[in-house]
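Peer 1: The structure follows.
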Amino acid sequence: MIEEGRNAEEARYRALLELDVSAEGARETLVAGLHDESWRVRRAAADGLTRVPERDIVVERLISVLGERDETGARNAAAESLAGMGLEAVAPLVRLLGHVDPDQRKFAADILGQLGRSEAEDALVQAMLEDPDLNVRVAAAEALGRVGGKVSARALERILHDPEPLLQLSALESLAVLRHPPPLPEVVRLLGNPTLKRSAYRVLGLIPQVAATELVCRGLGAESRSTREAALVALGTQAGLAEPSLRPEMDAAVRLALKRLPEAVGWVASALESDDIELKAGALVAAAALREPQLAPLVAEVAQEERLMPEVMRTLAHFGPETGRELLASMDRLSFPAREAAGHVLVELVDATFVPELVQMLDWGELDLKSVAVQALGRTSSLEAVEPLSQLLGHPELAGPAVRALVMLAANFPKPVAQALESALERGAEPAVLSALVRVGGTAMLPLVRRTAREASVPLRATAVEVLAAVDPAGGLELARQSLSDESPRVRTAAVRVVGQLGDGSMAGLLKQALADDALEVRLAALEAVGECGAVERAADLEALVPHPDGAIAWRAVQALARLGALRDEVLRRAVSHGDHEVVKAALLAGAASAEGVSVAVGLLGHASWDVRAAAARVLGDSGGPGCLPATRAALAAETDSLARRALVDAVERLSGR
């Protein structure tokens with residue numbers, strides 16, 4: 001029997017979902033569905049009615065259902081449907097506010113609040129101020145919080161003097177939603193009313209003044225947990241609204257209040273673990289004032305709320321060095337966002353006494369924890385940190401952070417750090433070690449760099465070429481000349497880059513050799529280097545590569561010719577016929593400033609690829625003249641791709657203004 005009932009319900013539900021809402025009789029079928037015993041069917045009917053044509057008739061029919069006193073389910077479903085009707089429902093519902101039945105008037109106020117339309121504001125204000133029924137006035141006050149506006153806010157402030165506490169409460173809550181606090185003296189008066197106290201604290205948080213903070217602090221000492229939590233929420237709201245210059249004074253007021261409360265640490269800890277994000281925000285402000293190291297891990301965990309991350313960082317930064325030990329001891333138990341926040345703060349808090357704990361942390365399995373430890377060791381200013389960091393210079397993932405940490409330590413211990421780096425280099429360390437060694441040891445390390453360029457592994461030889469060029473340009477350029485004959489493409493590529501960066505047109509002969517290199521990476525680097533050092537003599541070689549089937553080579557050849565100012569019209573036309581669209585777009589861009597480039601762009605408005613057509617449109621928008629307008633308009637009329645159309649519309653607008 002139960003199963004039959006479920007099947008029947010499902011059938012009615014599906015029938016309404018599949019109903020053609022435009023069909024004859026559909027409206028009344030759906031209205032009948034509002035009266036169904038199943039809430040699922042009623043909801044389907046309510047949703048269906050929002051899609052029926054002739055909404056004005058539907059709205060009136062739904063309002064008539066609101067008057068069916070004994071049909072609670074149908075009335076609620078009708079209200080739900082009216083709330084989805086939008087502007088069409090506003091005028092009929094405003095008229096319903098004048099119904100003789102207060103129950104109908106309350107329905108009207110509730111639904112107008114859900115609609116949130118400003119067109120209902122005046123009528124709701126009138127209902128709140130003048131309706132003889134308290135429930136209607138309360139419903140209107142609550143609705144005004146969703147409708148908003150200055151008129152609403154002023155009227156709600158007037159209601160705060162009404163003798164009815166329930167109406168005062170509704171007005172206060174709506175003012176909080178509108179983020180429009182009453183004047184501070186008015187809030188002080190309301191704080192004395194137990195019924196209004198929690199809401200009064202809520203609006204008090206919207207007043208970013210130290211005087212308001214001092215009032216909030218009184219709530220922190222309340223016996224009632226709900227009052228304390230309301231005060232904490234107010235603190236969090238104030239912190240988000242206050243100017244940075246006010247925060248120190250606010251923090252001092254909170255600190256003074258919390259010092260008088262021996263149990264404060266416990267309930268702040270509880271608030272930090274709450275699921276209420278607003279309560280957590282206030283607890284962060286309180287934790288920053290307390291500066292209790294034991295709260296640090298809980299504060300870090302609030303970083304899981306991305307919106308609160310800046311306040312988490314600010315709070316942790318307020319804590320002293322002992323907080324670093326609390327965080328360090330908790331790192332393996334923290335969530336990943338908490339670790340990230342704690343790690344950033346930890347590196348600022350450490351000193352020489354932290355080295356043993358940080359070294360122990362290097363034995364933990366998680367890479368992110370090890371990275372924090374490495375960074376923190378660099379900030380300890382301790383000689384004891386050099387050795388454990390040097391042991392990581394061969395680690396593929398930690399060598400980079402370890403090098404940076406050692407460079408920081410070198411400010412105080414240059415010789416031990418240089419020795420550690422040199423020793424690691426002899427063991428075949430990562431290339432970053434060589435760069436760091438030159439930074440630490442200066443020009444005294446140059447003989448070692450030259451030796452490394454001749455004798456070390458391929459990665460180190462390539463790095464040596466670039467490092468020497470950065471420290472000794474003349475010597476680096478000479479080493480690059482020699483390294484162009486290295487057996488490794490990686491080293492030759494590094495040498496070509498140095499020639500491009502430091503050389504001039506006289507290097508054209510060397511670059512000719514590189515342009516013909518067997519290794520693609522060397523040839524690509526040489527193409528860039530030709531343009532970078534101005535080797536105009538190689539223009540003919542570049543032109544020969546423009547039709548190259550490898551798009552990467554052709555693209556760089558076009559780029560280099562443009563950089564040299566040597567992209568001839570004939571070569572430009574050859575480039576735009578390339579099969580790789582990126583080469584075509586590069587040529588379009590390179591020739592944009594020339595008459596030939598504009599002519600080419602007009603021709604490419606009919607290209608098979610949308611991105612080329614869009615690029616051509618952009619060129620015409622930037623560089624074309626009025627004569628290009630007919631072709632651009634014709635292309636726009638024929639264009640089907642949305643992104644290309646956008647570019648063409650912009651081009652037509654810009655060309656029309658010339």
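For the structure tokens, the naming scheme is as follows: chains receive sequential letters (A, B, ...) according to their order of presentation, residues are indexed from 1 within each chain, and ligands are indexed from 1 in presentation order.
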Write out as a ChimeraX atom specification the set of residues from stretch 364-484 of chain A that DSSP, computed on the backbone, places in helix (DSSP H, G or I).
Peer 2: /A:367-378,383-390,399-409,414-426,431-455,458-471,473-483
Peer 1: Compile the contact shell of A:Val233 as number ranges by chain: residues with an atom at most 12 Å away, counting only C-alpha atoms, same-chain residues fewer than 4 positions apart removed.
Peer 2: A: 198-206, 213, 216-217, 219-220, 226-229, 237-240, 268, 271-272, 274, 276-286
Peer 1: Once you have the residues from the selection above, write them out as a PDB file, in the first residue's frame, restricted to C-alpha atoms.
Peer 2:
```pdb
ATOM      1  CA  ARG A 198      22.280  40.548  20.419  1.00  0.00           C
ATOM      2  CA  SER A 199      20.986  42.511  17.415  1.00  0.00           C
ATOM      3  CA  ALA A 200      22.295  45.749  18.911  1.00  0.00           C
ATOM      4  CA  TYR A 201      25.789  44.276  18.999  1.00  0.00           C
ATOM      5  CA  ARG A 202      25.357  43.268  15.381  1.00  0.00           C
ATOM      6  CA  VAL A 203      24.739  46.864  14.273  1.00  0.00           C
ATOM      7  CA  LEU A 204      27.392  48.138  16.693  1.00  0.00           C
ATOM      8  CA  GLY A 205      29.943  46.219  14.649  1.00  0.00           C
ATOM      9  CA  LEU A 206      28.994  48.352  11.656  1.00  0.00           C
ATOM     10  CA  THR A 213      34.838  49.067  20.151  1.00  0.00           C
ATOM     11  CA  VAL A 216      31.636  45.923  22.231  1.00  0.00           C
ATOM     12  CA  CYS A 217      34.317  45.043  24.774  1.00  0.00           C
ATOM     13  CA  GLY A 219      29.904  42.424  25.850  1.00  0.00           C
ATOM     14  CA  LEU A 220      33.043  40.293  25.881  1.00  0.00           C
ATOM     15  CA  SER A 226      25.214  34.354  23.247  1.00  0.00           C
ATOM     16  CA  THR A 227      26.118  37.931  24.249  1.00  0.00           C
ATOM     17  CA  ARG A 228      29.848  37.166  24.163  1.00  0.00           C
ATOM     18  CA  GLU A 229      29.488  35.628  20.731  1.00  0.00           C
ATOM     19  CA  THR A 237      32.809  43.195  11.475  1.00  0.00           C
ATOM     20  CA  GLN A 238      34.533  46.299  12.880  1.00  0.00           C
ATOM     21  CA  ALA A 239      37.959  44.948  11.984  1.00  0.00           C
ATOM     22  CA  GLY A 240      36.852  44.508   8.384  1.00  0.00           C
ATOM     23  CA  VAL A 268      38.187  32.458  22.258  1.00  0.00           C
ATOM     24  CA  ALA A 271      35.112  30.454  18.882  1.00  0.00           C
ATOM     25  CA  LEU A 272      38.117  29.851  16.621  1.00  0.00           C
ATOM     26  CA  SER A 274      33.317  27.365  15.408  1.00  0.00           C
ATOM     27  CA  ASP A 276      30.382  30.338  12.056  1.00  0.00           C
ATOM     28  CA  ILE A 277      32.752  32.345   9.849  1.00  0.00           C
ATOM     29  CA  GLU A 278      31.650  35.684  11.366  1.00  0.00           C
ATOM     30  CA  LEU A 279      32.357  34.358  14.850  1.00  0.00           C
ATOM     31  CA  LYS A 280      35.771  33.157  13.702  1.00  0.00           C
ATOM     32  CA  ALA A 281      36.538  36.615  12.315  1.00  0.00           C
ATOM     33  CA  GLY A 282      35.847  38.178  15.702  1.00  0.00           C
ATOM     34  CA  ALA A 283      37.805  35.474  17.520  1.00  0.00           C
ATOM     35  CA  LEU A 284      40.847  36.354  15.385  1.00  0.00           C
ATOM     36  CA  VAL A 285      40.680  39.957  16.613  1.00  0.00           C
ATOM     37  CA  ALA A 286      40.449  38.726  20.208  1.00  0.00           C
TER      38      ALA A 286
END
```
Peer 1: Which neighbours of A:Leu82 fall inside 8 Å, counting only C-alpha atoms, when residues of the same chain fewer than 3 positions from it are skipped, and could you give them as a ChimeraX atom specification?
Peer 2: /A:50,59,62,78-79,85-86,89,111
Peer 1: Any chance you could export the current selection's N, CA and C atoms as a compact mmCIF listing (two decimals), in the first residue's frame?
Peer 2:
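In the end it all went to out27.txt:
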```
# COMPACT_ATOMS: atom_id res chain seq x y z
N THR A 50 5.57 29.65 -12.55
CA THR A 50 6.44 30.80 -12.90
C THR A 50 6.77 30.82 -14.39
N VAL A 59 -0.54 35.55 -11.61
CA VAL A 59 -0.32 36.22 -10.33
C VAL A 59 -1.63 36.39 -9.57
N LEU A 62 -2.74 33.09 -8.18
CA LEU A 62 -1.95 32.70 -7.01
C LEU A 62 -2.36 33.49 -5.78
N ALA A 78 1.91 28.72 -3.12
CA ALA A 78 1.56 29.89 -3.93
C ALA A 78 2.50 31.05 -3.62
N ALA A 79 2.82 31.23 -2.34
CA ALA A 79 3.76 32.29 -1.95
C ALA A 79 5.13 32.05 -2.58
N MET A 85 8.11 35.40 -9.41
CA MET A 85 7.44 36.06 -10.53
C MET A 85 8.10 37.39 -10.93
N GLY A 86 8.92 37.95 -10.07
CA GLY A 86 9.59 39.19 -10.42
C GLY A 86 8.68 40.39 -10.39
N ALA A 89 4.69 40.66 -10.17
CA ALA A 89 3.95 40.37 -8.95
C ALA A 89 3.90 41.56 -7.99
N ILE A 111 6.15 38.15 0.94
CA ILE A 111 6.53 37.86 -0.46
C ILE A 111 7.24 39.04 -1.09
```
Peer 1: Stretch 464-467 of chain A: which residues within 7 Å, counting only C-alpha atoms, same-chain residues fewer than 2 positions away excluded, as number ranges by chain?
Peer 2: A: 435, 449, 452-453, 460-462, 469-471, 476, 479-480, 494-495, 498
Peer 1: May I ask which of the residues A:Arg247, A:Arg307, A:Arg339, A:Arg43 is the closest one to A:Arg75, counting only C-alpha atoms?
Peer 2: A:Arg43
Peer 1: Using only C-alpha atoms, which residues sit within 7 Å of A:Leu406 once same-chain residues fewer than 2 positions away are excluded, as a list of chain:residue names?
Peer 2: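 Neighbouring residues, sequence-local ones excluded: A:Gly378, A:Val386, A:Leu389, A:Ala402, A:Val403, A:Arg404, A:Met408, A:Leu409, A:Ala410, A:Val417.
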Peer 1: Measure the distance from atom CA of A:Val90 to atom CA of A:Leu115 in Å and round it to one decimal.
Peer 2: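 Those two atoms sit 8.0 Å apart.
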Peer 1: Which residues, written as a list of chain:residue names, have at least one atom at most 10 Å from A:Leu172, with only C-alpha atoms counted and residues fewer than 6 positions away on the same chain left out?
Peer 2: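 The residues that qualify are A:Ala141, A:Glu142, A:Gly145, A:Ala153, A:Leu156, A:Glu157, A:Ile159, A:Leu160, A:Leu166, A:Leu178, A:His180, A:Pro181, A:Pro182, A:Val187, A:Leu190, A:Leu196, A:Arg198, A:Ser199, A:Ala200, A:Arg202, A:Val203.
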Peer 1: Please report the interatomic distance between atom CA of A:Ala300 and atom CA of A:Ser381 in Å with one decimal.
Peer 2: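 Distance reported for this atom pair: 25.3 Å.
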Peer 1: Applying 12 Å and only C-alpha atoms, which residues near A:Gly500 remain after dropping the ones on its own chain fewer than 2 positions away? List them as a ChimeraX atom specification.
Peer 2: /A:466,469,476-477,480-481,493-498,502-508,510-511,514,524-535,560
Peer 1: Grab the residues selected above and save them as a compact mmCIF listing (two decimals), in the first residue's frame with N, CA and C atoms.
Peer 2:
```
# COMPACT_ATOMS: atom_id res chain seq x y z
N GLU A 466 76.62 31.56 -18.43
CA GLU A 466 75.71 32.66 -18.14
C GLU A 466 76.13 33.41 -16.87
N ALA A 469 79.04 35.76 -17.63
CA ALA A 469 78.59 36.91 -18.40
C ALA A 469 77.93 37.95 -17.50
N GLY A 476 82.70 36.98 -20.07
CA GLY A 476 81.57 36.12 -20.41
C GLY A 476 81.38 36.00 -21.89
N LEU A 477 81.58 37.10 -22.61
CA LEU A 477 81.42 37.07 -24.06
C LEU A 477 82.51 36.22 -24.70
N ALA A 480 81.64 32.68 -24.09
CA ALA A 480 80.53 32.28 -24.96
C ALA A 480 81.05 31.92 -26.36
N ARG A 481 82.02 32.71 -26.88
CA ARG A 481 82.63 32.39 -28.18
C ARG A 481 83.18 30.97 -28.18
N THR A 493 73.48 26.55 -26.51
CA THR A 493 72.31 27.43 -26.37
C THR A 493 72.59 28.54 -25.38
N ALA A 494 73.20 28.20 -24.25
CA ALA A 494 73.55 29.22 -23.26
C ALA A 494 74.51 30.24 -23.86
N ALA A 495 75.47 29.75 -24.64
CA ALA A 495 76.45 30.65 -25.26
C ALA A 495 75.77 31.60 -26.25
N VAL A 496 74.84 31.07 -27.03
CA VAL A 496 74.13 31.91 -28.00
C VAL A 496 73.33 32.99 -27.27
N ARG A 497 72.68 32.63 -26.17
CA ARG A 497 71.91 33.63 -25.41
C ARG A 497 72.82 34.75 -24.92
N VAL A 498 74.01 34.39 -24.44
CA VAL A 498 74.95 35.40 -23.96
C VAL A 498 75.37 36.32 -25.11
N LEU A 502 74.85 40.31 -24.87
CA LEU A 502 76.02 41.17 -24.68
C LEU A 502 76.67 41.61 -25.98
N GLY A 503 76.40 40.89 -27.07
CA GLY A 503 77.10 41.17 -28.32
C GLY A 503 76.47 42.30 -29.11
N ASP A 504 77.02 42.54 -30.31
CA ASP A 504 76.49 43.55 -31.22
C ASP A 504 76.56 42.99 -32.63
N GLY A 505 76.38 43.86 -33.61
CA GLY A 505 76.37 43.41 -34.99
C GLY A 505 77.62 42.68 -35.42
N SER A 506 78.73 42.91 -34.72
CA SER A 506 79.99 42.25 -35.10
C SER A 506 79.95 40.75 -34.85
N MET A 507 78.93 40.29 -34.11
CA MET A 507 78.81 38.86 -33.81
C MET A 507 78.07 38.10 -34.91
N ALA A 508 77.75 38.78 -36.00
CA ALA A 508 76.95 38.15 -37.06
C ALA A 508 77.57 36.86 -37.56
N LEU A 510 79.49 34.70 -35.92
CA LEU A 510 79.29 33.63 -34.95
C LEU A 510 77.85 33.12 -35.00
N LEU A 511 76.91 34.02 -35.17
CA LEU A 511 75.51 33.62 -35.17
C LEU A 511 75.13 32.88 -36.44
N ALA A 514 75.59 29.42 -35.60
CA ALA A 514 74.55 28.93 -34.70
C ALA A 514 73.23 28.71 -35.44
N LEU A 524 66.90 28.00 -32.46
CA LEU A 524 65.87 28.91 -31.95
C LEU A 524 66.49 30.04 -31.13
N ALA A 525 67.46 29.69 -30.29
CA ALA A 525 68.15 30.72 -29.50
C ALA A 525 68.90 31.69 -30.41
N ALA A 526 69.48 31.17 -31.49
CA ALA A 526 70.23 32.03 -32.42
C ALA A 526 69.30 33.00 -33.14
N LEU A 527 68.09 32.54 -33.48
CA LEU A 527 67.13 33.44 -34.13
C LEU A 527 66.79 34.62 -33.24
N GLU A 528 66.60 34.36 -31.97
CA GLU A 528 66.33 35.45 -31.03
C GLU A 528 67.55 36.34 -30.86
N ALA A 529 68.72 35.71 -30.79
CA ALA A 529 69.96 36.48 -30.57
C ALA A 529 70.25 37.42 -31.73
N VAL A 530 69.96 37.01 -32.97
CA VAL A 530 70.20 37.87 -34.13
C VAL A 530 69.43 39.19 -33.98
N GLY A 531 68.15 39.07 -33.62
CA GLY A 531 67.35 40.28 -33.44
C GLY A 531 67.80 41.09 -32.24
N GLU A 532 68.22 40.39 -31.18
CA GLU A 532 68.57 41.07 -29.94
C GLU A 532 69.85 41.90 -30.08
N CYS A 533 70.85 41.35 -30.78
CA CYS A 533 72.13 42.08 -30.87
C CYS A 533 72.25 42.92 -32.15
N GLY A 534 71.21 42.92 -32.98
CA GLY A 534 71.21 43.79 -34.16
C GLY A 534 72.11 43.32 -35.28
N ALA A 535 72.21 42.01 -35.49
CA ALA A 535 73.08 41.46 -36.54
C ALA A 535 72.36 41.52 -37.89
N ALA A 560 62.52 38.14 -35.47
CA ALA A 560 63.87 38.72 -35.55
C ALA A 560 63.95 39.77 -36.65
```
Peer 1: Please produce, as CSV, a per-residue contact table for stretch 376-422 of chain A versus stretch 364-369 of chain A (criterion: any atom at most 12 Å away, only C-alpha atoms considered), showing the nearest atom pair and its distance in Å to one decimal, sorted by chain then residue number.
Peer 2:
```
residue,atom,partner,partner_atom,distance
A:Ala376,CA,A:Leu369,CA,10.6
A:His395,CA,A:Leu367,CA,11.5
A:Pro396,CA,A:Leu367,CA,11.6
A:Glu397,CA,A:Leu367,CA,8.4
A:Leu398,CA,A:Leu367,CA,8.4
A:Pro401,CA,A:Asp368,CA,11.4
```
Peer 1: So which one's closest to A:Thr380, A:Leu362, A:Val31, A:Ala352, A:Ala143? Using only C-alpha atoms, please.
Peer 2: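 Answer, going by the shortest atom-to-atom distance: A:Ala352.
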